[in-house]
Amino acid sequence: MPEPPRTLEGWYALHEFRRVEWARWKGLPIAERQAIVAEAREFWQAAEEHRDAPEGASAVYSVLGHKADLLFLHLRPTPDHLSALERAFARTRLADFTAETYSYFSVTELSFHEAQARGAMQNPMEIPFVKARLKPQMPDKRYLCFYPMNKRRGEHLNWYALPMEERQAMMREHGTTGQRYFRVVKQMITGSVGLDDWEWGVTLFADDPLQFKKLVYEMRFDEVSAKYAEFGPFLVGIRVRPEELDGVLNG
Amino acid sequence: MPEPPRTLEGWYALHEFRRVEWARWKGLPIAERQAIVAEAREFWQAAEEHRDAPEGASAVYSVLGHKADLLFLHLRPTPDHLSALERAFARTRLADFTAETYSYFSVTELSFHEAQARGAMQNPMEIPFVKARLKPQMPDKRYLCFYPMNKRRGEHLNWYALPMEERQAMMREHGTTGQRYFRVVKQMITGSVGLDDWEWGVTLFADDPLQFKKLVYEMRFDEVSAKYAEFGPFLVGIRVRPEELDGVLNG
Amino acid sequence: MPEPPRTLEGWYALHEFRRVEWARWKGLPIAERQAIVAEAREFWQAAEEHRDAPEGASAVYSVLGHKADLLFLHLRPTPDHLSALERAFARTRLADFTAETYSYFSVTELSFHEAQARGAMQNPMEIPFVKARLKPQMPDKRYLCFYPMNKRRGEHLNWYALPMEERQAMMREHGTTGQRYFRVVKQMITGSVGLDDWEWGVTLFADDPLQFKKLVYEMRFDEVSAKYAEFGPFLVGIRVRPEELDGVLNG
Amino acid sequence: MPEPPRTLEGWYALHEFRRVEWARWKGLPIAERQAIVAEAREFWQAAEEHRDAPEGASAVYSVLGHKADLLFLHLRPTPDHLSALERAFARTRLADFTAETYSYFSVTELSFHEAQARGAMQNPMEIPFVKARLKPQMPDKRYLCFYPMNKRRGEHLNWYALPMEERQAMMREHGTTGQRYFRVVKQMITGSVGLDDWEWGVTLFADDPLQFKKLVYEMRFDEVSAKYAEFGPFLVGIRVRPEELDGVLNG
Amino acid sequence: MPEPPRTLEGWYALHEFRRVEWARWKGLPIAERQAIVAEAREFWQAAEEHRDAPEGASAVYSVLGHKADLLFLHLRPTPDHLSALERAFARTRLADFTAETYSYFSVTELSFHEAQARGAMQNPMEIPFVKARLKPQMPDKRYLCFYPMNKRRGEHLNWYALPMEERQAMMREHGTTGQRYFRVVKQMITGSVGLDDWEWGVTLFADDPLQFKKLVYEMRFDEVSAKYAEFGPFLVGIRVRPEELDGVLNG
């Protein structure tokens with residue numbers, strides 16, 4: 001049996017995608033819509049300041065296309081915090097004019113190997129690199145790209161049947177591609193084996209959305225992606241600050 | 001023809017996933033919602049005490065993400081008990097504010113081989129290990145993870161075409177991985193060949209939800225999973241005691 | 001080109017799965033619900049007595065899980081009878097509180113080879129075995145299991161490219177497994193090539209639902225299933241006599 | 001590169017499948033329903049007489065099972081005619097009580113090779129065989145079977161990588177099977193590469209619906225089907241003359 | 001690692017497919033429908049003139065079949081422009097009578113190699129060929145065909161594992177096929193790796209819709225398509241000028 005990689009985990013993540021039911025929303029008087037947005041803005045300010053939990057991070061994005069209109073992204077220490085946030089939003093009046101179309105539940109992940117390379121591992125959260133990966137603040141970037149993925153377990157090409165050294169060599173090559181984009185694309189890797197339908201979630205942040213295409217396309221030629229990656233849906237969004245919600249919904 | 005493994009079965013299981021229609025629910029006056037929750041709580045207390053059947057077990061979980069809000073999990077001696085419970089819940093007023101989004105019908109299963117290793121098989125239910133596997137009480141753990149799975153019947157890798165010794169050797173290795181998590185993750189294995197769309201249901205229980213990820217990820221490197229497992233959706237929930245229903249729905 | 005097997009066919013079959021819209025149903029006054037059930041009971045008594053056709057058989061089942069609540073199963077000499085029954089039910093008031101979630105259209109089938117082994121083939125319907133397979137009465141069994149299936153046409157394993165003798169040898173082995181369950185599981189095989197999305201429908205009847213699991217699991221190790229079978233959804237139901245409809249819907 | 005076959009095309013085809021919303025339909029007073037059916041009957045008489053276009057053909061079928069209740073099948077010289085007919089029906093009152101559940105857009109097709117074998121190709125539409133294939137009248141048969149299909153482009157078995165002679169030899173064998181059913185099953189082959197999700201649509205017409213099963217099953221053993229065919233959904237319907245619409249909807 | 005091709009990108013594209021809810025639409029008084037169409041026509045005139053952005057192009061198409069009734073196609077310099085247009089349409093009254101059934105988000109793409117062959121690359125947008133590919137005006141053609149596609153990453157046939165020369169040779173052959181249709185079919189290639197669920201979007205424009213079938217079928221025999229292409233849904237539409245909207249919706 002090939003040895004499984006050891007991993008470190010941090011905050012749990014919930015990506016909650018919602019579609020706005022515009023016809024019903026627009027049927028409300030504008031004063032009522034403004035009151036509803038004010039309540040939602042208050043909810044989001046509290047979430048961004050993680051008033052519901054000792055630590056964490058949250059952000060809203062406006063999503064392109066038919067899959068969703070809004071993404072609510074939360075990072076919190078426990079699933080209980082995420083579940084409470086999901087239900088707390090369901091209790092806002094804005095929620096009544098949206099429907100949850102997709103979601104993803106995962107937890108920030110870093111390979112022990114990668115963490116170890118950055119310093120002593122007695123208190124990993126004291127190593128800035130580790131903390132930034134496991135308890136990441138929301139990057140101050142305008143665009144987000146999210147997609148879930150698996151490593152292939154084909155009848156001939158099977159990631160989970162490869163020796164660890166081979167897997168590590170491919171991951172190193174893959175990391176090199178990512179590093180070339182270090183300044184323009186920030187990555188958040190979350191693990192979801194046993195938590196949701198795919199094995200990992202990848203969340204990218206950039207100020208130039210073209211870099212999502214450039215990075216993911218270049219990576220697709222890495223051996224690990226070319227031969228072993230399976231991809232779920234891709235969703236792209238634009239950051240919405242709490243004070244911009246009114247523009248998005250009533251603008 | 002490879003010999004099929006002999007199995008013992010116990011209670012039938014129904015995993016019933018439901019989404020709450022929050023907008024309609026919140027449209028009710030709070031007094032009405034409380035009355036509805038009181039009725040549902042009474043229903044669930046009766047279910048947990050299996051007042052509808054001589055034996056059995058039931059529990060409610062609040063589910064993360066868009067796939068469902070609540071999981072109603074029932075174990076009972078016959079499909080008739082499960083069908084009656086499903087319809088009895090449909091008759092509660094709370095049911096009118098939920099929609100069934102997914103379900104799984106299966107029966108607790110133990111390989112004869114494993115049972116035999118634990119003692120004489122004349123009255124298997126008198127062997128505590130066997131009874132705990134086939135007529136399991138709901139573990140007193142905060143988190144649940146459910147997923148259905150198949151063994152692969154690929155054109156090259158075909159579980160059902162392997163000799164029994166090879167299958168048993170792989171299952172033994174797999175069991176060893178499970179045993180390393182024995183204290184932190186409790187497993188309930190249910191068979192569903194001929195009953196539902198996948199061949200097995202796996203229900204895990206833990207107080208630390210990270211252990212779901214650790215266990216399932218480690219197992220994925222076991223030869224039997226790496227080469228022969230196919231997985232359906234993964235759903236994670238948080239235990240809700242009957243007296244906590246009001247907090248979840250009206251909190 | 002491998003020779004196609006010759007087959008005999010009998011009655012056409014329609015498996016019609018419907019979900020009850022409980023909230024709307026329960027919104028009716030009980031007297032109205034009882035009147036609606038009385039009309040449906042009358043419809044079902046007439047269907048079971050095939051008053052709409054010179055011969056045939058019908059039965060209702062209550063289905064477990066989210067896929068459906070009721071299965072209406074009809075066997076009739078022509079598709080026209082089935083279409084008329086489908087529309088006749090749509091005209092009952094009960095239909096307005098249900099939605100058709102799945103269906104399967106097929107025709108009872110027996111291999112010419114198997115029929116021939118039972119007697120002279122000039123008037124096959126006069127051979128009791130043949131008639132019981134092609135014009136089967138609804139077995140007096142409490143549980144039903146339905147699933148559609150294909151024979152695999154893979155890039156390497158291709159049922160339709162095997163010589164007839166090889167196919168027949170595998171089918172004989174498969175038949176032997178079925179025969180071991182002869183007393184506890186009754187099978188109805190219907191063909192649906194050119195009629196519906198899978199190639200065959202399998203309908204099993206038993207008084208002990210565990211035998212569905214035992215039979216289908218054991219068969220999965222038969223070479224023909226292990227290597228060449230592809231399965232659709234599995235649905236399990238409990239027989240509902242016309243006079244029991246009120247208990248199921250209003251109980 | 002293997003040479004692509006040359007083809008001739010004729011009328012465009014739209015298969016439009018619609019489900020009747022029975023509960024809402026039955027909620028109307030019978031007089032209103034009759035008026036609505038009268039309008040629809042008038043629409044269908046005009047369509048069958050292709051009053052909207054210089055040439056073409058149309059027919060209605062009542063479909064078995066949950067996938068649809070009605071099939072509206074149109075053949076016209078241009079997509080514009082089909083689009084206009086689709087919208088014209090949407091404007092009838094009957095349309096408000098139906099929902100479009102599936103459709104298929106394609107164009108009648110004949111291989112140049114097959115056409116050439118029937119005569120000089122300067123004015124192909126003057127050759128009766130060619131005209132009957134490319135501008136077919138609706139056969140006067142009671143039953144219809146529709147399914148879309150692809151030729152496989154597998155990693156090992158790839159139709160599009162075979163030399164033309166090999167493809168032609170397999171198609172000839174396939175044609176022979178079809179010809180054995182010439183008197184009982186009429187075929188309409190439409191191409192949809194670049195027009196809809198599958199590469200071809202197959203529409204069969206017969207007075208004995210069992211012949212659909214016999215023909216498609218026998219063909220499945222032809223090398224071209226056994227190894228290279230991929231099939232979409234199968235739908236079966238019963239011809240409805242305009243004057244029979246009232247019986248189907250109000251009967 | 002095979003070298004990834006370098007690409008140039010231009011405008012972002014949003015293909016937004018919407019279904020008309022005819023029953024609700026037709027329920028409005030004709031005067032109201034005309035006012036709503038007038039507002040939508042105004043919206044579309046502004047979009048076609050890209051009054052919301054310094055540059056760009058837009059067009060509306062009426063789509064055949066059940067997948068959609070209308071396609072709104074926008075090209076703009078940034079995702080923000082597309083998101084604003086999507087929301088601006090959602091704010092029109094016509095939007096309340098439509099539902100978004102599908103969409104595609106991508107960006108016009110040209111291989112660096114192809115661009116370079118056309119001239120010096122210091123200011124690529126000054127080369128007419130490059131500008132026409134990356135900032136294309138909507139072709140004055142009556143019909144549109146859209147489909148998304150991937151390059152295969154199979155276990156044996158893997159585009160991303162081929163050496164660049166091999167890929168380039170196959171793409172050259174493929175380009176030759178396209179060029180034979182140069183006068184009758186105009187192509188717009190958009191990349192969507194990292195942006196949407198498939199790797200590319202292909203949008204074809206023609207005055208003779210048969211050429212879509214001819215071109216795509218002929219290309220299917222190109223080695224690159226035969227062995228390495230995977231296709232998503234195909235959608236075909238007919239151009240609707242702003243002044244024709246009334247005819248399509250109220251005609």
# chains A, B, ... in the order shown; residues from 1 in each chain; ligands from 1
>>> residues_around(residues="segment 109-117 of chain A", least_positions_apart="2", cutoff="10 Å", atoms="only C-alpha atoms", output="VMD selection string")
chain A and resid 5 to 12 106 to 107 119 to 122 124 to 125 127 129 to 131 133 to 135 168 172 188 to 192 200 to 201
>>> write_last_selection(atoms="C-alpha atoms", output="compact mmCIF listing (two decimals), in the first residue's frame")
# COMPACT_ATOMS: atom_id res chain seq x y z
CA PRO A 5 0.60 11.89 2.70
CA ARG A 6 0.22 13.48 6.13
CA THR A 7 -1.66 16.75 6.19
CA LEU A 8 -2.33 19.69 8.49
CA GLU A 9 -5.77 21.27 8.58
CA GLY A 10 -7.06 24.64 9.74
CA TRP A 11 -10.39 26.36 9.30
CA TYR A 12 -13.45 24.71 7.80
CA SER A 106 -14.16 21.52 3.00
CA VAL A 107 -11.27 22.37 5.32
CA GLY A 119 10.23 25.38 9.91
CA ALA A 120 9.97 23.38 13.11
CA MET A 121 6.60 21.69 13.47
CA GLN A 122 5.99 21.87 17.19
CA PRO A 124 2.87 24.93 13.19
CA MET A 125 0.38 27.82 13.52
CA ILE A 127 4.97 29.64 11.34
CA PHE A 129 3.53 30.46 6.02
CA VAL A 130 1.56 27.67 7.67
CA LYS A 131 -0.86 30.03 9.37
CA ARG A 133 -2.37 28.64 4.42
CA LEU A 134 -4.55 27.18 7.18
CA LYS A 135 -6.12 30.34 8.60
CA GLN A 168 5.74 14.06 -4.53
CA ARG A 172 6.71 19.62 -6.80
CA MET A 188 -6.55 28.55 -1.16
CA ILE A 189 -6.48 24.74 -1.14
CA THR A 190 -9.13 22.97 0.91
CA GLY A 191 -9.49 19.23 1.40
CA SER A 192 -12.91 17.60 1.20
CA TRP A 200 -10.35 19.04 -3.00
CA GLY A 201 -11.65 22.54 -3.49
>>> residues_around(residues="Lys227 of chain D", least_positions_apart="3", cutoff="10 Å", atoms="only C-alpha atoms", output="list in words")
Arg153, Gly154, Glu155, His156, Asn158, Trp159, Tyr160 and Ala161 of chain C; Lys151, Arg152, Gly154, Leu157, Asn158, Trp159, Arg220, Phe221, Asp222, Glu223, Val224 and Glu230 of chain D
>>> write_last_selection(atoms="N, CA and C atoms", output="short mmCIF file (atom, residue, chain, number, x, y, z; two decimals), in the first residue's frame")
data_model
loop_
_atom_site.label_atom_id
_atom_site.label_comp_id
_atom_site.auth_asym_id
_atom_site.auth_seq_id
_atom_site.Cartn_x
_atom_site.Cartn_y
_atom_site.Cartn_z
N ARG C 153 -21.58 -2.90 -23.53
CA ARG C 153 -20.89 -2.84 -24.81
C ARG C 153 -19.65 -1.99 -24.62
N GLY C 154 -18.71 -2.51 -23.82
CA GLY C 154 -17.49 -1.77 -23.52
C GLY C 154 -16.50 -1.86 -24.66
N GLU C 155 -15.38 -1.17 -24.50
CA GLU C 155 -14.36 -1.21 -25.55
C GLU C 155 -13.62 -2.55 -25.54
N HIS C 156 -13.67 -3.25 -24.39
CA HIS C 156 -13.00 -4.55 -24.31
C HIS C 156 -13.98 -5.67 -24.02
N ASN C 158 -17.61 -6.82 -24.42
CA ASN C 158 -18.77 -6.46 -25.22
C ASN C 158 -19.67 -7.67 -25.40
N TRP C 159 -20.77 -7.67 -24.67
CA TRP C 159 -21.72 -8.78 -24.72
C TRP C 159 -22.16 -9.07 -26.15
N TYR C 160 -22.39 -8.00 -26.90
CA TYR C 160 -22.99 -8.16 -28.22
C TYR C 160 -21.97 -8.63 -29.26
N ALA C 161 -20.72 -8.74 -28.86
CA ALA C 161 -19.71 -9.24 -29.78
C ALA C 161 -19.29 -10.66 -29.43
N LYS D 151 -21.98 7.78 -32.98
CA LYS D 151 -20.97 6.77 -33.26
C LYS D 151 -19.86 6.96 -32.24
N ARG D 152 -19.38 5.86 -31.68
CA ARG D 152 -18.41 5.93 -30.59
C ARG D 152 -17.06 6.52 -31.02
N GLY D 154 -14.25 6.13 -28.86
CA GLY D 154 -13.59 5.63 -27.66
C GLY D 154 -12.08 5.70 -27.77
N LEU D 157 -11.92 1.94 -29.58
CA LEU D 157 -12.85 1.76 -30.69
C LEU D 157 -13.33 3.13 -31.13
N ASN D 158 -12.91 3.57 -32.30
CA ASN D 158 -13.20 4.93 -32.73
C ASN D 158 -13.69 4.90 -34.17
N TRP D 159 -14.98 5.09 -34.33
CA TRP D 159 -15.60 5.07 -35.66
C TRP D 159 -14.92 6.05 -36.60
N ARG D 220 -28.60 -4.48 -32.74
CA ARG D 220 -27.57 -4.32 -31.72
C ARG D 220 -26.45 -5.35 -31.88
N PHE D 221 -26.73 -6.42 -32.58
CA PHE D 221 -25.69 -7.43 -32.82
C PHE D 221 -24.92 -7.14 -34.10
N ASP D 222 -25.38 -6.19 -34.91
CA ASP D 222 -24.57 -5.78 -36.06
C ASP D 222 -23.26 -5.19 -35.54
N GLU D 223 -22.17 -5.43 -36.21
CA GLU D 223 -20.89 -4.95 -35.69
C GLU D 223 -20.91 -3.44 -35.46
N VAL D 224 -21.52 -2.69 -36.38
CA VAL D 224 -21.51 -1.24 -36.25
C VAL D 224 -22.22 -0.78 -34.99
N GLU D 230 -23.70 4.51 -29.62
CA GLU D 230 -24.06 4.99 -28.29
C GLU D 230 -25.47 5.56 -28.39
#
>>> atom_distance(atom1="atom CA of Cys145 of chain A", atom2="atom CA of Tyr61 of chain E")
28.9 Å
>>> select_by_dssp(residues="segment 77-175 of chain B", states="alpha helix (DSSP H)", output="MDAnalysis selection string")
chainID B and resid 79:90 112:116 128:134 164:175
>>> closest_atom_pairs(of="chain E", to="chain D", cutoff="8 Å", atoms="only C-alpha atoms", output="Markdown table")
| residue | atom | partner | partner_atom | distance |
| --- | --- | --- | --- | --- |
| E:Trp22 | CA | D:Ala90 | CA | 6.6 |
| E:Ala23 | CA | D:Asp96 | CA | 4.8 |
| E:Lys26 | CA | D:Arg91 | CA | 7.6 |
| E:Val63 | CA | D:Ser83 | CA | 7.8 |
| E:Leu64 | CA | D:Ser83 | CA | 5.9 |
| E:Gly65 | CA | D:Ser103 | CA | 5.4 |
| E:His66 | CA | D:Ser103 | CA | 5.6 |
| E:Lys67 | CA | D:Tyr102 | CA | 8.0 |
| E:Cys145 | CA | D:Gly194 | CA | 7.2 |
| E:Gly154 | CA | D:Glu155 | CA | 7.2 |
| E:His156 | CA | D:Glu155 | CA | 6.4 |
| E:Leu157 | CA | D:Glu155 | CA | 6.1 |
| E:Pro209 | CA | D:Pro79 | CA | 7.9 |
| E:Phe212 | CA | D:Gly194 | CA | 5.4 |
| E:Lys213 | CA | D:Gly194 | CA | 4.7 |
| E:Leu215 | CA | D:Gly194 | CA | 8.0 |
| E:Val216 | CA | D:Gly194 | CA | 5.5 |
| E:Tyr217 | CA | D:Val193 | CA | 5.9 |
| E:Glu218 | CA | D:Pro4 | CA | 5.8 |
| E:Arg220 | CA | D:Tyr160 | CA | 6.9 |
| E:Phe221 | CA | D:Tyr160 | CA | 5.4 |
| E:Asp222 | CA | D:Met1 | CA | 6.0 |
| E:Glu223 | CA | D:Met1 | CA | 6.3 |
| E:Ala226 | CA | D:Tyr160 | CA | 5.4 |
| E:Lys227 | CA | D:Arg153 | CA | 6.7 |
| E:Gly232 | CA | D:Asp197 | CA | 7.3 |
| E:Pro233 | CA | D:Asp197 | CA | 5.0 |
| E:Phe234 | CA | D:Asp196 | CA | 4.9 |
| E:Leu235 | CA | D:Asp196 | CA | 6.3 |
| E:Val236 | CA | D:Leu195 | CA | 6.2 |
| E:Ile238 | CA | D:Asp80 | CA | 7.5 |
| E:Val248 | CA | D:Arg87 | CA | 7.8 |
>>> select_by_dssp(residues="segment 45-248 of chain E", states="strand (DSSP E)", output="ChimeraX atom specification")
/E:57-63,70-76,98-111,143-151,185-191,200-206,229-231,235-240
>>> residues_around(residues="Arg239 of chain C", least_positions_apart="2", cutoff="7 Å", atoms="only C-alpha atoms", output="PyMOL selection string")
chain C and resi 60-62+142-143+237+241
>>> residues_around(residues="segment 56-58 of chain A", least_positions_apart="4", cutoff="8 Å", atoms="only C-alpha atoms", output="number ranges by chain")
A: 11, 47-50, 72-77, 135-138
>>> atom_distance(atom1="atom CA of His81 of chain A", atom2="atom CA of Ala132 of chain A")
20.2 Å
>>> residues_around(residues="Asn250 of chain B", least_positions_apart="4", cutoff="8 Å", atoms="only C-alpha atoms", output="PyMOL selection string")
chain B and resi 30+33-34+246
>>> atom_distance(atom1="atom CA of Phe146 of chain C", atom2="atom CA of Val185 of chain C")
12.5 Å
>>> decode(residues="segment 13-48 of chain C", atoms="C-alpha atoms", output="compact mmCIF listing (two decimals), in the first residue's frame")
# COMPACT_ATOMS: atom_id res chain seq x y z
CA ALA C 13 -45.68 -3.46 -19.05
CA LEU C 14 -45.82 0.05 -17.63
CA HIS C 15 -44.14 0.78 -14.30
CA GLU C 16 -45.41 4.22 -13.30
CA PHE C 17 -43.76 5.79 -10.24
CA ARG C 18 -45.49 8.73 -8.57
CA ARG C 19 -44.65 11.00 -5.67
CA VAL C 20 -47.44 12.24 -3.41
CA GLU C 21 -47.54 15.99 -2.85
CA TRP C 22 -48.33 15.58 0.81
CA ALA C 23 -48.67 19.23 1.80
CA ARG C 24 -51.31 19.92 -0.83
CA TRP C 25 -53.00 16.59 -0.15
CA LYS C 26 -53.24 17.22 3.57
CA GLY C 27 -54.65 20.66 2.87
CA LEU C 28 -57.91 19.05 1.74
CA PRO C 29 -60.73 18.36 4.21
CA ILE C 30 -60.69 14.70 5.30
CA ALA C 31 -64.08 14.05 3.73
CA GLU C 32 -62.78 15.21 0.37
CA ARG C 33 -59.68 13.08 0.75
CA GLN C 34 -61.82 10.07 1.52
CA ALA C 35 -63.95 10.70 -1.56
CA ILE C 36 -60.81 11.02 -3.67
CA VAL C 37 -59.40 7.79 -2.26
CA ALA C 38 -62.72 6.06 -2.89
CA GLU C 39 -62.51 7.10 -6.55
CA ALA C 40 -58.89 5.90 -6.76
CA ARG C 41 -59.78 2.62 -5.03
CA GLU C 42 -62.52 2.08 -7.57
CA PHE C 43 -60.02 2.85 -10.36
CA TRP C 44 -57.60 0.32 -8.94
CA GLN C 45 -60.13 -2.40 -8.41
CA ALA C 46 -61.13 -2.03 -12.05
CA ALA C 47 -57.47 -2.08 -13.10
CA GLU C 48 -56.66 -5.19 -11.07
